[in-house]
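Student: Below you'll find run_36.csv; it's CSV, C-alpha atoms (C1' of nucleotides).
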chain,number,residue,atom,x,y,z
A,8,MET,CA,0.0,0.0,0.0
A,9,ASP,CA,1.1,3.6,-0.5
A,10,GLU,CA,0.3,4.1,3.2
A,11,GLU,CA,3.7,2.7,3.8
A,12,LEU,CA,5.2,5.7,2.1
A,13,HIS,CA,3.1,8.1,4.2
A,14,GLU,CA,4.2,6.3,7.3
A,15,GLN,CA,7.8,6.5,6.3
A,16,ILE,CA,7.7,10.1,5.4
A,17,ARG,CA,5.9,11.1,8.6
A,18,ASP,CA,8.3,8.9,10.6
A,19,VAL,CA,11.3,10.7,9.1
A,20,VAL,CA,9.8,14.1,9.7
A,21,ARG,CA,9.0,13.1,13.3
A,22,LYS,CA,12.7,12.2,13.6
A,23,ILE,CA,13.9,15.7,13.0
A,24,PRO,CA,15.2,17.1,16.3
A,25,SER,CA,14.1,20.4,17.7
A,26,GLY,CA,16.2,23.4,16.6
A,27,ARG,CA,17.1,21.6,13.3
A,28,VAL,CA,15.6,21.6,9.9
A,29,ALA,CA,15.6,19.3,6.9
A,30,THR,CA,14.8,19.8,3.2
A,31,TYR,CA,12.0,18.0,1.3
A,32,GLY,CA,14.7,16.3,-0.7
A,33,ASP,CA,16.4,15.0,2.4
A,34,VAL,CA,13.1,13.7,3.8
A,35,ALA,CA,12.3,12.2,0.4
A,36,ASP,CA,15.6,10.4,0.4
A,37,LEU,CA,15.5,9.2,4.0
A,38,SER,CA,11.9,8.1,3.6
A,39,ARG,CA,12.6,6.3,0.3
A,40,ALA,CA,10.1,8.6,-1.3
A,41,PRO,CA,10.3,8.5,-5.1
A,42,SER,CA,10.5,12.3,-5.3
A,43,PRO,CA,10.5,15.4,-3.0
A,44,ARG,CA,7.1,16.4,-4.4
A,45,LEU,CA,5.5,13.4,-2.7
A,46,VAL,CA,6.7,14.7,0.6
A,47,GLY,CA,4.9,17.9,0.1
A,48,GLN,CA,1.8,16.2,-1.0
A,49,VAL,CA,1.8,13.8,1.9
A,50,LEU,CA,2.4,16.6,4.4
A,51,ASN,CA,-0.4,18.6,2.9
A,52,HIS,CA,-2.8,15.8,3.1
A,53,ASP,CA,-1.7,14.0,6.2
A,54,GLY,CA,1.1,16.0,7.9
A,55,HIS,CA,-0.9,17.3,10.8
A,56,ASP,CA,0.6,14.8,13.2
A,57,VAL,CA,4.3,15.7,12.5
A,58,PRO,CA,6.5,18.7,12.9
A,59,TRP,CA,6.1,19.7,9.3
A,60,HIS,CA,7.5,23.1,10.2
A,61,ARG,CA,11.0,21.6,10.4
A,62,VAL,CA,10.8,20.8,6.7
A,63,LEU,CA,12.1,23.5,4.3
A,64,ARG,CA,12.9,23.8,0.6
A,65,ALA,CA,16.4,23.0,-0.7
A,66,ASN,CA,17.4,26.7,-0.6
A,67,GLY,CA,16.3,27.3,3.0
A,68,THR,CA,13.0,29.0,2.3
A,69,CYS,CA,9.6,27.7,3.1
A,70,ALA,CA,6.5,27.5,0.9
A,71,PRO,CA,4.5,30.8,0.7
A,72,HIS,CA,1.3,29.8,2.3
A,73,ILE,CA,2.9,28.3,5.4
A,74,ALA,CA,5.8,30.7,5.7
A,75,GLU,CA,4.3,32.7,8.6
A,76,GLU,CA,3.6,29.7,10.7
A,77,GLN,CA,6.8,27.9,9.8
A,78,LEU,CA,9.0,30.9,10.6
A,79,GLN,CA,7.2,31.5,13.9
A,80,ARG,CA,7.5,27.9,15.1
A,81,LEU,CA,11.1,27.6,14.0
A,82,ALA,CA,11.9,30.9,15.8
A,83,ALA,CA,10.4,29.4,18.9
A,84,GLU,CA,12.8,26.5,18.6
A,85,GLY,CA,15.8,28.7,18.1
A,86,VAL,CA,15.9,28.5,14.4
A,87,LEU,CA,16.1,32.1,13.3
A,88,SER,CA,15.4,33.2,9.7
A,89,ASN,CA,16.8,36.1,7.8
A,90,ASP,CA,14.3,37.8,5.5
A,91,GLY,CA,12.3,34.6,5.5
A,92,LYS,CA,15.3,32.5,4.6
A,93,ILE,CA,16.9,29.9,7.0
A,94,ASN,CA,20.6,29.4,7.0
A,95,LEU,CA,20.7,25.8,6.1
A,96,HIS,CA,24.5,25.8,6.6
A,97,THR,CA,23.8,26.4,10.2
A,98,TYR,CA,20.5,24.7,11.0
A,99,ARG,CA,20.3,21.8,8.5
A,100,TRP,CA,19.6,18.4,10.2
A,101,GLU,CA,23.1,16.9,10.2
A,102,ASP,CA,21.8,13.4,10.4
A,103,ALA,CA,20.0,13.7,7.1
A,104,ALA,CA,23.1,14.7,5.2
A,105,LYS,CA,25.0,12.1,7.1
A,106,ALA,CA,22.6,9.3,6.2
A,107,LYS,CA,23.0,10.3,2.6
A,108,SER,CA,26.7,10.4,2.7
A,109,GLU,CA,26.8,7.3,5.0
A,110,ASP,CA,26.2,5.1,2.0
A,111,ASP,CA,29.2,3.0,2.4
A,112,PRO,CA,29.5,0.1,-0.1
A,113,PRO,CA,32.2,-1.9,1.7
A,114,SER,CA,33.6,-4.2,-1.0
A,115,LEU,CA,33.1,-2.5,-4.2
A,116,PHE,CA,36.0,-1.0,-6.0
B,220,DA,C1',-5.8,7.8,-21.5
B,221,DT,C1',-4.9,13.2,-21.2
B,222,DG,C1',-4.1,17.5,-19.0
B,223,DC,C1',-3.6,20.2,-14.9
B,224,DT,C1',-2.1,21.1,-10.3
B,225,DG,C1',0.9,21.0,-6.3
B,226,DA,C1',4.1,22.5,0.9
B,227,DC,C1',10.0,20.3,-5.2
B,228,DC,C1',15.0,20.6,-7.4
B,229,DA,C1',18.7,22.0,-10.5
B,230,DT,C1',20.5,24.6,-14.2
B,231,DG,C1',20.8,28.3,-17.4
B,232,DT,C1',20.0,33.0,-19.1
C,269,DC,C1',16.3,38.3,-8.4
C,270,DA,C1',13.0,37.0,-12.0
C,271,DC,C1',11.9,33.8,-15.5
C,272,DA,C1',12.2,29.7,-18.4
C,273,DT,C1',13.1,24.5,-19.1
C,274,DG,C1',13.2,19.8,-17.9
C,275,DG,C1',12.7,16.2,-14.5
C,276,DC,C1',10.1,14.3,-10.8
C,277,DC,C1',5.5,11.7,-9.0
C,278,DA,C1',0.5,11.3,-7.2
C,279,DG,C1',-4.4,12.6,-7.4
C,280,DC,C1',-8.4,14.2,-9.8
C,281,DA,C1',-11.8,15.7,-13.6
Can you give me the file's structure in the form of structure tokens?

Tutor:
Amino acid sequence: MDEELHEQIRDVVRKIPSGRVATYGDVADLSRAPSPRLVGQVLNHDGHDVPWHRVLRANGTCAPHIAEEQLQRLAAEGVLSNDGKINLHTYRWEDAAKAKSEDDPPSLF
DNA sequence: ATGCTGACCATGT
DNA sequence: CACATGGCCAGCA
């Protein structure tokens, strides 16, 4: 069922620690989602139970409609934005980038 | 099936 | 920064 995907995505989003943010692409990758778009669609439809506000776009900005709420919630967690843009270099969820880079094929090459 | 939309991403001009 | 192009995938009329 596709519900697996929803579960995976929501699970990953829940995993994002406070004071940190992740991009849709990261969540998509960690959740095995076929594409970052799916993350957005799932959150829009069924993301009320997860800290969706910790998910930003790849360039550190948030979607227009939720921007206000997102910025407010993030600010409350210590994630400050500059002109509506978050400094990914500072606040990006390290574990996400790690998991991506942690792909360590032992005996190949 | 086709066409459009959407909380996306990257690159180029 | 704005805009255009191409790729991505699911849901709906």

Student: Which residues of chain B have any atom within 9 Å of an atom in chain C when counting all atoms listed in the file, and what is the closest pair of atoms for each, with the distance in Å to one decimal? Order the rows by chain and rising number and write it as a Markdown table.

Tutor:
| residue | atom | partner | partner_atom | distance |
| --- | --- | --- | --- | --- |
| B:DC227 | C1' | C:DC276 | C1' | 8.2 |
| B:DC228 | C1' | C:DG275 | C1' | 8.7 |
| B:DT230 | C1' | C:DT273 | C1' | 8.9 |
| B:DG231 | C1' | C:DT273 | C1' | 8.8 |
| B:DT232 | C1' | C:DA272 | C1' | 8.5 |

Student: I'd like the neighbourhood of region 42-47 of chain A as an MDAnalysis selection string, where a residue qualifies if any of its atoms comes within 12 Å (using all atoms listed in the file), though same-chain residues fewer than 5 positions away should be ignored.

Tutor: (chainID A and resid 9 12:20 29:37 52:54 59:60 62:65 69:70 73) or (chainID B and resid 224:228) or (chainID C and resid 275:279)

Student: I'd like the interatomic distance between CA of Ala74 (chain A) and CA of Arg61 (chain A), to a tenth of an Å.

Tutor: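 Separation between CA of Ala74 (chain A) and CA of Arg61 (chain A): 11.5 Å.
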
Student: Just how far from CA of Glu10 (chain A) is CA of Arg99 (chain A), in Å to one decimal?

Tutor: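 A separation of 27.2 Å between them.
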
Student: Any idea what the distance is between C1' of DA220 (chain B) and CA of Arg39 (chain A)?

Tutor: 28.6 Å

Student: For Gly26 (chain A), work out the shell of residues within 8 Å, counting all atoms listed in the file and skipping chain neighbours fewer than 5 positions away, then give it as a list in words.

Tutor: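 Using all atoms listed in the file, the neighbours found are Leu81, Glu84, Gly85, Val86 and Tyr98 of chain A.
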
Student: The selected residues should be written to file as a PDB file, in the coordinates of the input (atoms: C-alpha atoms).

Tutor:
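To be explicit, this is the file written out as result.pdb:
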ATOM      1  CA  LEU A  81      11.100  27.600  14.000  1.00  0.00           C
ATOM      2  CA  GLU A  84      12.800  26.500  18.600  1.00  0.00           C
ATOM      3  CA  GLY A  85      15.800  28.700  18.100  1.00  0.00           C
ATOM      4  CA  VAL A  86      15.900  28.500  14.400  1.00  0.00           C
ATOM      5  CA  TYR A  98      20.500  24.700  11.000  1.00  0.00           C
TER       6      TYR A  98
END

Student: From the list A:Val28, A:Val49, A:His72, A:His55, which residue is nearest chain C when using all atoms listed in the file?

Tutor: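 So, comparing all the options, the nearest one is A:Val49.
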
Student: Output requested as a short mmCIF file (atom, residue, chain, number, x, y, z; two decimals), in the coordinates of the input - region 45-56 of chain A, filled out with all heavy atoms.

Tutor:
data_model
loop_
_atom_site.label_atom_id
_atom_site.label_comp_id
_atom_site.auth_asym_id
_atom_site.auth_seq_id
_atom_site.Cartn_x
_atom_site.Cartn_y
_atom_site.Cartn_z
N LEU A 45 6.42 14.27 -3.48
CA LEU A 45 5.50 13.40 -2.70
C LEU A 45 5.52 13.83 -1.25
O LEU A 45 4.49 13.78 -0.60
CB LEU A 45 6.01 11.96 -2.83
CG LEU A 45 5.31 11.17 -3.91
CD1 LEU A 45 3.83 11.06 -3.58
CD2 LEU A 45 5.48 11.88 -5.25
N VAL A 46 6.67 14.25 -0.75
CA VAL A 46 6.70 14.70 0.60
C VAL A 46 5.76 15.83 0.87
O VAL A 46 4.96 15.80 1.81
CB VAL A 46 8.17 15.14 1.00
CG1 VAL A 46 8.23 15.62 2.44
CG2 VAL A 46 9.16 14.01 0.76
N GLY A 47 5.81 16.80 0.00
CA GLY A 47 4.90 17.90 0.10
C GLY A 47 3.46 17.51 0.06
O GLY A 47 2.64 17.94 0.86
N GLN A 48 3.15 16.65 -0.87
CA GLN A 48 1.80 16.20 -1.00
C GLN A 48 1.29 15.47 0.19
O GLN A 48 0.17 15.63 0.64
CB GLN A 48 1.63 15.37 -2.28
CG GLN A 48 1.79 16.26 -3.51
CD GLN A 48 1.38 15.55 -4.79
OE1 GLN A 48 0.32 14.96 -4.85
NE2 GLN A 48 2.22 15.60 -5.79
N VAL A 49 2.15 14.61 0.71
CA VAL A 49 1.80 13.80 1.90
C VAL A 49 1.58 14.74 3.09
O VAL A 49 0.60 14.63 3.82
CB VAL A 49 2.85 12.77 2.20
CG1 VAL A 49 2.59 12.16 3.57
CG2 VAL A 49 2.84 11.70 1.13
N LEU A 50 2.50 15.66 3.28
CA LEU A 50 2.40 16.60 4.40
C LEU A 50 1.11 17.40 4.29
O LEU A 50 0.42 17.66 5.27
CB LEU A 50 3.60 17.51 4.46
CG LEU A 50 4.91 16.84 4.87
CD1 LEU A 50 6.01 17.88 4.95
CD2 LEU A 50 4.75 16.13 6.20
N ASN A 51 0.80 17.81 3.09
CA ASN A 51 -0.40 18.60 2.90
C ASN A 51 -1.65 17.85 3.22
O ASN A 51 -2.61 18.39 3.75
CB ASN A 51 -0.43 19.07 1.41
CG ASN A 51 -1.51 20.11 1.21
OD1 ASN A 51 -1.87 20.83 2.13
ND2 ASN A 51 -2.03 20.20 0.02
N HIS A 52 -1.62 16.58 2.91
CA HIS A 52 -2.80 15.80 3.10
C HIS A 52 -2.85 15.13 4.51
O HIS A 52 -3.91 14.99 5.10
CB HIS A 52 -2.86 14.67 2.05
CG HIS A 52 -3.97 13.70 2.25
ND1 HIS A 52 -5.27 14.01 1.93
CD2 HIS A 52 -3.97 12.46 2.76
CE1 HIS A 52 -6.03 12.96 2.24
NE2 HIS A 52 -5.29 12.01 2.75
N ASP A 53 -1.70 14.76 5.01
CA ASP A 53 -1.70 14.00 6.20
C ASP A 53 -0.49 14.36 7.13
O ASP A 53 0.07 13.52 7.82
CB ASP A 53 -1.55 12.50 5.88
CG ASP A 53 -2.76 11.74 6.43
OD1 ASP A 53 -3.45 12.29 7.28
OD2 ASP A 53 -2.99 10.60 6.00
N GLY A 54 -0.09 15.62 7.11
CA GLY A 54 1.10 16.00 7.90
C GLY A 54 0.75 16.75 9.15
O GLY A 54 1.59 17.44 9.72
N HIS A 55 -0.47 16.58 9.61
CA HIS A 55 -0.90 17.30 10.80
C HIS A 55 -0.33 16.76 12.08
O HIS A 55 -0.32 17.41 13.11
CB HIS A 55 -2.42 17.35 10.86
CG HIS A 55 -3.01 16.00 10.69
ND1 HIS A 55 -3.04 15.07 11.70
CD2 HIS A 55 -3.56 15.41 9.59
CE1 HIS A 55 -3.61 13.97 11.23
NE2 HIS A 55 -3.93 14.14 9.97
N ASP A 56 0.15 15.51 12.03
CA ASP A 56 0.60 14.80 13.20
C ASP A 56 2.16 14.90 13.37
O ASP A 56 2.72 14.27 14.25
CB ASP A 56 0.21 13.37 13.21
CG ASP A 56 -1.18 13.21 13.83
OD1 ASP A 56 -2.14 13.66 13.21
OD2 ASP A 56 -1.25 12.67 14.93
#
